[in-house]
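Below you'll find the structure, written out as C-alpha cells, and then a few comments.
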Amino acid sequence: LAGSPLVVPMATPSLIRHINQTRILRLLKEEGTLSRAELARSLNLTRSTLTAVTDELMKMNLVIEAGEAFVTQATGRPGTGLKLNPEGAFFLGAEINVEQIHLVLINLEGSIIYRRTKKLRSKKPAAVCRDVVNLVEAAWSVQLGNSDRLRGLGITVSALVDIHGVIR
C-alpha cells in the first residue's frame with residue numbers, strides 16, 4: 001500500500017486494561033501463586049494499576065486470593081498471594097477425525113476435567129456437525145450446569161484442506 005498513511009489504532013483505556021488483564025492471567029498461569037508486589041514488578045505496573053486490574057479480575061472470578069501470606073522481600077509486610085481460580089472459566093476443545101470426535105473440557109488452569117469420545121455415525125457434514133453440537137451441549141449442561149463460565153470452543157479437523165480452506 002505504497003503512499004497510504006500508516007494507521008495505528010489508539011490505545012484506549014479499555015484496551016490497555018484488557019492487555020494488562022491478559023498479562024496478569026498469563027503470568028499467574030505460568031508461575032502459579034504470586035503476590036501483588038511480584039506481579040507489579042514482573043509486569044512493570046504501578047501498584048495502583050495492578051490493584052485496579054486484579055480487583056477487576058477478582059470480580060470476574062478469574063483470580064482468587066491464595067489464602068497464604070508470604071514474604072517476597074526481606075522487608076515489608078507479608079503479601080497475600082493471588083492465583084488463577086480454576087473454576088472461573090472453562091473451555092471446550094473438539095477434534096473431528098476420520099472415525100470419531102474427541103471432546104475435552106478444561107478449566108482456567110488448563111487441566112482436563114471431562115473427556116468424551118464418540119464414534120461418527122456418518123461422514124456427512126450435517127451429521128458430523130450435529131454430533132459435535134450434541135457433545136458440546138451435553139458437556140455444557142451436565143458438567144457445567146449451563147454456566148456462563150464456558151468461555152470458548154475450539155474445533156480442529158484432521159483433513160486435507162484446499163487453498164480456499166474447504167475440507168476435502
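The way I read the labels, and the way they are meant: chains A, B, ... in the order of the C-alpha cells, residue 1 as the first residue of every chain, and ligand 1 as the first ligand shown, with later ones counted on from there.
Residues lying within 7 Å of Gln100 of chain A, counting only C-alpha atoms and ignoring same-chain neighbours fewer than 3 positions away, are Ile96, Asn97, Thr117, Lys118, Lys119 and Leu120 of chain A.
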Q.
I need the residues of chain A that end up classed as strand (DSSP E or B) by DSSP on the backbone, written out as a ChimeraX atom specification.
A. /A:34-35,63-70,79-84,90-96,100-107,112-119,150-157,161,167
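Each of A:Val98, A:Leu50, A:Leu92, A:Ile64 was compared to Lys123 of chain A using only C-alpha atoms, and A:Val98 turns out to be the nearest.
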Using only C-alpha atoms, find each residue in segment 53-118 of chain A having at least one atom no more than 8 Å away from segment 26-44 of chain A; report its shortest atom-to-atom pair and that distance in Å (one decimal), rows by chain then rising number, as JSON lines.
```
{"residue": "A:Ala66", "atom": "CA", "partner": "A:Thr33", "partner_atom": "CA", "distance": 6.9}
{"residue": "A:Phe70", "atom": "CA", "partner": "A:Ser35", "partner_atom": "CA", "distance": 7.8}
{"residue": "A:Thr72", "atom": "CA", "partner": "A:Glu38", "partner_atom": "CA", "distance": 7.4}
{"residue": "A:Gly79", "atom": "CA", "partner": "A:Ser35", "partner_atom": "CA", "distance": 5.7}
{"residue": "A:Thr80", "atom": "CA", "partner": "A:Ser35", "partner_atom": "CA", "distance": 5.8}
{"residue": "A:Gly81", "atom": "CA", "partner": "A:Ser35", "partner_atom": "CA", "distance": 4.3}
{"residue": "A:Leu82", "atom": "CA", "partner": "A:Thr33", "partner_atom": "CA", "distance": 5.4}
{"residue": "A:Lys83", "atom": "CA", "partner": "A:Thr33", "partner_atom": "CA", "distance": 4.7}
{"residue": "A:Leu84", "atom": "CA", "partner": "A:Leu28", "partner_atom": "CA", "distance": 6.3}
{"residue": "A:Glu109", "atom": "CA", "partner": "A:Lys29", "partner_atom": "CA", "distance": 6.4}
```
Output for the residues just chosen: N, CA, C and O atoms as a PDB file, in the first residue's frame:
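So the final result, stored in selection.pdb, reads:
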```
ATOM      1  N   ALA A  66      -4.891 -16.591  47.395  1.00  0.00           N
ATOM      2  CA  ALA A  66      -4.409 -17.942  47.680  1.00  0.00           C
ATOM      3  C   ALA A  66      -4.612 -18.319  49.139  1.00  0.00           C
ATOM      4  O   ALA A  66      -4.551 -19.488  49.486  1.00  0.00           O
ATOM      5  N   PHE A  70       2.812 -14.551  52.309  1.00  0.00           N
ATOM      6  CA  PHE A  70       4.223 -14.890  52.170  1.00  0.00           C
ATOM      7  C   PHE A  70       5.038 -13.636  51.931  1.00  0.00           C
ATOM      8  O   PHE A  70       4.557 -12.642  51.398  1.00  0.00           O
ATOM      9  N   THR A  72       8.033 -11.698  50.150  1.00  0.00           N
ATOM     10  CA  THR A  72       8.789 -11.772  48.905  1.00  0.00           C
ATOM     11  C   THR A  72      10.108 -11.016  49.000  1.00  0.00           C
ATOM     12  O   THR A  72      10.984 -11.208  48.185  1.00  0.00           O
ATOM     13  N   GLY A  79       2.683 -10.309  51.890  1.00  0.00           N
ATOM     14  CA  GLY A  79       1.598 -10.110  50.942  1.00  0.00           C
ATOM     15  C   GLY A  79       0.738 -11.353  50.820  1.00  0.00           C
ATOM     16  O   GLY A  79       1.185 -12.456  51.122  1.00  0.00           O
ATOM     17  N   THR A  80      -0.503 -11.155  50.405  1.00  0.00           N
ATOM     18  CA  THR A  80      -1.393 -12.282  50.155  1.00  0.00           C
ATOM     19  C   THR A  80      -1.221 -12.677  48.701  1.00  0.00           C
ATOM     20  O   THR A  80      -1.273 -11.826  47.807  1.00  0.00           O
ATOM     21  N   GLY A  81      -1.022 -13.941  48.474  1.00  0.00           N
ATOM     22  CA  GLY A  81      -0.815 -14.412  47.115  1.00  0.00           C
ATOM     23  C   GLY A  81      -2.094 -14.417  46.304  1.00  0.00           C
ATOM     24  O   GLY A  81      -3.192 -14.564  46.841  1.00  0.00           O
ATOM     25  N   LEU A  82      -1.943 -14.235  45.022  1.00  0.00           N
ATOM     26  CA  LEU A  82      -3.047 -14.343  44.080  1.00  0.00           C
ATOM     27  C   LEU A  82      -2.763 -15.518  43.160  1.00  0.00           C
ATOM     28  O   LEU A  82      -1.616 -15.816  42.839  1.00  0.00           O
ATOM     29  N   LYS A  83      -3.824 -16.182  42.740  1.00  0.00           N
ATOM     30  CA  LYS A  83      -3.682 -17.299  41.808  1.00  0.00           C
ATOM     31  C   LYS A  83      -4.917 -17.374  40.928  1.00  0.00           C
ATOM     32  O   LYS A  83      -5.944 -16.742  41.221  1.00  0.00           O
ATOM     33  N   LEU A  84      -4.800 -18.132  39.858  1.00  0.00           N
ATOM     34  CA  LEU A  84      -5.956 -18.345  38.994  1.00  0.00           C
ATOM     35  C   LEU A  84      -7.027 -19.111  39.756  1.00  0.00           C
ATOM     36  O   LEU A  84      -6.724 -20.000  40.550  1.00  0.00           O
ATOM     37  N   GLU A 109      -6.988 -23.287  34.565  1.00  0.00           N
ATOM     38  CA  GLU A 109      -5.589 -23.685  34.736  1.00  0.00           C
ATOM     39  C   GLU A 109      -5.099 -24.589  33.603  1.00  0.00           C
ATOM     40  O   GLU A 109      -3.925 -24.900  33.526  1.00  0.00           O
TER      41      GLU A 109
END
```
Sort by chain and increasing residue number a table of all residues of segment 29-63 of chain A within 10 Å of segment 133-151 of chain A, each with its closest pair of atoms and their distance in Å to one decimal, counting only C-alpha atoms, and write it as a tab-separated table.
```
residue	atom	partner	partner_atom	distance
A:Met60	CA	A:Arg149	CA	9.9
A:Asn61	CA	A:Arg149	CA	9.4
A:Leu62	CA	A:Arg149	CA	9.7
```
Those same residues, written as a PDB file, in the first residue's frame with N, CA and C atoms?
```pdb
ATOM      1  N   MET A  60     -14.532 -10.717  38.372  1.00  0.00           N
ATOM      2  CA  MET A  60     -14.920 -11.616  37.282  1.00  0.00           C
ATOM      3  C   MET A  60     -14.723 -13.078  37.688  1.00  0.00           C
ATOM      4  N   ASN A  61     -14.202 -13.302  38.900  1.00  0.00           N
ATOM      5  CA  ASN A  61     -13.992 -14.642  39.443  1.00  0.00           C
ATOM      6  C   ASN A  61     -12.909 -15.429  38.711  1.00  0.00           C
ATOM      7  N   LEU A  62     -11.992 -14.732  38.042  1.00  0.00           N
ATOM      8  CA  LEU A  62     -10.898 -15.391  37.331  1.00  0.00           C
ATOM      9  C   LEU A  62      -9.658 -15.527  38.202  1.00  0.00           C
TER      10      LEU A  62
END
```
Sel. of alpha helix (DSSP H) residues, chain A, as a VMD selection string: chain A and resid 13 to 31 36 to 43 47 to 59 125 to 138 144
Report as number ranges by chain all protein, DNA and RNA residues lying within 9 Å of Gln21 of chain A, evaluated on only C-alpha atoms, omitting residues in the same chain fewer than 3 positions from it. A: 16-18, 24-26, 53-54, 56-57
Dump all heavy atoms for the selected residues as a short mmCIF file (atom, residue, chain, number, x, y, z; two decimals), in the first residue's frame?
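Result file out-v5.cif:
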```
data_model
loop_
_atom_site.label_atom_id
_atom_site.label_comp_id
_atom_site.auth_asym_id
_atom_site.auth_seq_id
_atom_site.Cartn_x
_atom_site.Cartn_y
_atom_site.Cartn_z
N ILE A 16 -5.98 -1.02 27.06
CA ILE A 16 -4.86 -1.15 27.99
C ILE A 16 -5.25 -2.06 29.16
O ILE A 16 -4.48 -2.94 29.57
CB ILE A 16 -4.41 0.23 28.52
CG1 ILE A 16 -3.97 1.13 27.37
CG2 ILE A 16 -3.32 0.09 29.57
CD1 ILE A 16 -2.77 0.66 26.60
N ARG A 17 -6.46 -1.88 29.69
CA ARG A 17 -6.93 -2.71 30.80
C ARG A 17 -6.99 -4.18 30.37
O ARG A 17 -6.55 -5.07 31.08
CB ARG A 17 -8.29 -2.21 31.28
CG ARG A 17 -8.79 -2.90 32.52
CD ARG A 17 -10.05 -2.27 33.12
NE ARG A 17 -11.08 -1.94 32.15
CZ ARG A 17 -11.35 -0.71 31.69
NH1 ARG A 17 -10.67 0.32 32.12
NH2 ARG A 17 -12.31 -0.51 30.81
N HIS A 18 -7.51 -4.42 29.16
CA HIS A 18 -7.60 -5.79 28.65
C HIS A 18 -6.20 -6.40 28.48
O HIS A 18 -5.98 -7.56 28.83
CB HIS A 18 -8.35 -5.80 27.32
CG HIS A 18 -8.43 -7.15 26.69
ND1 HIS A 18 -9.25 -8.14 27.16
CD2 HIS A 18 -7.75 -7.68 25.65
CE1 HIS A 18 -9.09 -9.23 26.43
NE2 HIS A 18 -8.18 -8.97 25.50
N ILE A 24 -1.54 -10.43 33.29
CA ILE A 24 -1.62 -10.96 34.66
C ILE A 24 -2.06 -12.42 34.63
O ILE A 24 -1.47 -13.27 35.30
CB ILE A 24 -2.56 -10.10 35.52
CG1 ILE A 24 -1.91 -8.74 35.80
CG2 ILE A 24 -2.92 -10.82 36.83
CD1 ILE A 24 -2.84 -7.71 36.39
N LEU A 25 -3.11 -12.72 33.86
CA LEU A 25 -3.59 -14.10 33.78
C LEU A 25 -2.50 -15.03 33.24
O LEU A 25 -2.31 -16.13 33.74
CB LEU A 25 -4.85 -14.18 32.91
CG LEU A 25 -6.10 -13.54 33.49
CD1 LEU A 25 -7.21 -13.49 32.45
CD2 LEU A 25 -6.56 -14.25 34.75
N ARG A 26 -1.78 -14.58 32.22
CA ARG A 26 -0.72 -15.40 31.63
C ARG A 26 0.40 -15.66 32.65
O ARG A 26 0.87 -16.79 32.79
CB ARG A 26 -0.14 -14.73 30.39
CG ARG A 26 0.93 -15.59 29.70
CD ARG A 26 1.43 -14.99 28.40
NE ARG A 26 0.34 -14.98 27.44
CZ ARG A 26 -0.04 -13.90 26.76
NH1 ARG A 26 0.55 -12.75 26.94
NH2 ARG A 26 -1.03 -13.97 25.90
N VAL A 53 -6.58 -3.59 38.27
CA VAL A 53 -6.76 -4.69 37.32
C VAL A 53 -7.04 -6.00 38.06
O VAL A 53 -7.92 -6.76 37.67
CB VAL A 53 -5.54 -4.82 36.37
CG1 VAL A 53 -5.67 -6.03 35.47
CG2 VAL A 53 -5.39 -3.56 35.54
N THR A 54 -6.31 -6.29 39.12
CA THR A 54 -6.55 -7.55 39.85
C THR A 54 -7.90 -7.52 40.55
O THR A 54 -8.57 -8.56 40.62
CB THR A 54 -5.42 -7.86 40.86
OG1 THR A 54 -5.27 -6.77 41.75
CG2 THR A 54 -4.13 -8.18 40.16
N GLU A 56 -10.55 -6.14 39.38
CA GLU A 56 -11.49 -6.45 38.31
C GLU A 56 -11.48 -7.95 37.99
O GLU A 56 -12.54 -8.56 37.81
CB GLU A 56 -11.10 -5.66 37.07
CG GLU A 56 -12.27 -5.09 36.33
CD GLU A 56 -11.81 -4.18 35.22
OE1 GLU A 56 -11.31 -3.08 35.51
OE2 GLU A 56 -11.96 -4.59 34.05
N LEU A 57 -10.28 -8.55 37.93
CA LEU A 57 -10.18 -9.99 37.66
C LEU A 57 -10.81 -10.80 38.79
O LEU A 57 -11.41 -11.85 38.54
CB LEU A 57 -8.71 -10.39 37.47
CG LEU A 57 -8.05 -9.90 36.18
CD1 LEU A 57 -6.55 -10.16 36.21
CD2 LEU A 57 -8.70 -10.57 34.97
#
```
